[in-house]
Structure formats: structure tokens, C-alpha cells
Amino acid sequence: DPFAQGASGSLDIAAAESLDIIGGGSIVTQSNNANPAGLISVDAAGDVTIGGVLDARSGSGADGGFVAVSGAAVTMRTTARALVASEAGSGGGVILRSGGPLVVDAPLEAAGGAGGGGVDCDAETVALNGRVDVSGGAGGSGALIDVRARGSVIVNGVIDGDARGSDLAGGGLGAELSISAQGSVELNGRITLNGGAPAGEGGLIDVVAVGDVT
């Protein structure tokens, strides 16, 4: 489960009103040892705008960490990054919650050298415009992108859920993309959920919408 790992450290940022994290800076809880990377949590009662880098990657054999952002409305600009990848372990998790619109123009990187990580979105409306990467190595099974909206969902960015590499068991399983919307769903970006070589199974796309799916 990409959303149920432990973390070696955490950084919580909370605000009673709106919260802006902008500019070219970074917030980092990276791991370079055997411990999983940490948790970066950004929470506000008002709107949240992210323009910088939230970095909870693992540069060792440990799993990636977690980035959690929640607010009345959440925007991640093109200058932002949510990084929870792992070079040799499994990718971590990116968790985005919004009481109103969720607009993600930034890349979400949860790839893993072993298995891919997870991205979990829950909002009134969701627009994924940046690249989402939950790809994994030979053990690619377990990667999940879960999007839930009380209105519409638009996916304009690339989604990469491939299981790369190979293993003696035949190759890893591609990721799962699950979208549940009370409005319409538009899938405009390229989605790849290929299984790993030589015989890994492809992933799953599950879309449930009250409105049209295009």
C-alpha cells in the first residue's frame, strides 16, 4: 500500500487562513540511508498555492516519503514539484485534498526503482495538467493513482504507470488509474500503464462518472 509506510521524519506547515509557498526554494526531508524518507504536510483552512519544491525523495534503498497538501482550494503551479521517488525502493505517496478546486500544473514524481508509488486526489473538481509518474521497476505492482471529485475531472498531462525492467517471475504489473467523478471526465493526456518485460501484465484504467467521459 503506497499510503501506509512509516517515515523517519516529518515537517508540518499549518495556517489558519490562506497559505502560499512560492518562489524557487525547496522544502526537503530526503533520506540517504536505510530509513524511509519523511513526510511534508501542508495544511490550511484557506487556499493553498504551491510554487516551490516539496522534496521527500529517497536516494538510498529506502522507500520514498510522503507529500500531503490540503486546503479550501489547492493550486500547484508549473514551478512547483512534489517529489517522493526512490532510486532503489518503492515510490512514496502524494496526497492532495481540496474543499474546492484542485489544479495541478506541476509534476508529481512517485517513481520507484522497485515498485511505483501512489497519488491520491480528492476535491470538488480536479485538473491534472502536469506529468504524473508512478512507474516502477520489475516489482511494479502496487502503484496507484486514485482521483475522486464531486464535480469534473480533467487530465491533460502525461500519466506514466509503466513497470520497467524485468525479473525471473516475468515482469512487474503496470499501475492502476482509478477516477470517480460526480461530473464529467476528460482524458486528454497520454496514459501508459504497461507491464514489465518479458511478460508482465498491463495496468488498469477504471473510470466512473455521472457525466460524459471523453
# chains A, B, ... in the order shown; residues from 1 in each chain; ligands from 1
$ closest_atom_pairs --of "region 34-152 of chain A" --to "region 176-187 of chain A" --cutoff "6 Å" --atoms "only C-alpha atoms" --output "JSON lines"
{"residue": "A:Leu144", "atom": "CA", "partner": "A:Glu176", "partner_atom": "CA", "distance": 4.9}
{"residue": "A:Ile145", "atom": "CA", "partner": "A:Leu177", "partner_atom": "CA", "distance": 4.8}
{"residue": "A:Asp146", "atom": "CA", "partner": "A:Ser178", "partner_atom": "CA", "distance": 4.8}
{"residue": "A:Val147", "atom": "CA", "partner": "A:Ile179", "partner_atom": "CA", "distance": 4.7}
{"residue": "A:Arg148", "atom": "CA", "partner": "A:Ser180", "partner_atom": "CA", "distance": 4.8}
{"residue": "A:Ala149", "atom": "CA", "partner": "A:Ala181", "partner_atom": "CA", "distance": 4.7}
{"residue": "A:Arg150", "atom": "CA", "partner": "A:Gln182", "partner_atom": "CA", "distance": 4.9}
{"residue": "A:Gly151", "atom": "CA", "partner": "A:Gly183", "partner_atom": "CA", "distance": 4.4}
{"residue": "A:Ser152", "atom": "CA", "partner": "A:Gly183", "partner_atom": "CA", "distance": 4.4}
$ select_by_dssp --residues "region 4-205 of chain A" --states "strand (DSSP E or B)" --output "PyMOL selection string"
chain A and resi 10-15+19-21+26-28+31+39-44+48-50+53-55+58+66-71+74-76+81-83+86+93-98+101-104+108-109+112+118-123+125-128+132-133+136+144-149+153-155+159-160+163+176-181+185-187+191-192+204-205
$ closest_atom_pairs --of "region 128-199 of chain A" --to "region 105-110 of chain A" --cutoff "6 Å" --atoms "only C-alpha atoms" --output "tab-separated table"
residue	atom	partner	partner_atom	distance
A:Asn129	CA	A:Asp105	CA	4.8
A:Gly130	CA	A:Asp105	CA	4.6
A:Arg131	CA	A:Pro107	CA	4.7
A:Val132	CA	A:Leu108	CA	4.8
A:Asp133	CA	A:Glu109	CA	5.0
A:Val134	CA	A:Ala110	CA	4.8
$ closest_residue --among "A:Val155, A:Met76, A:Ile21, A:Leu173" --to "Gly202 (chain A)" --atoms "only C-alpha atoms"
A:Leu173
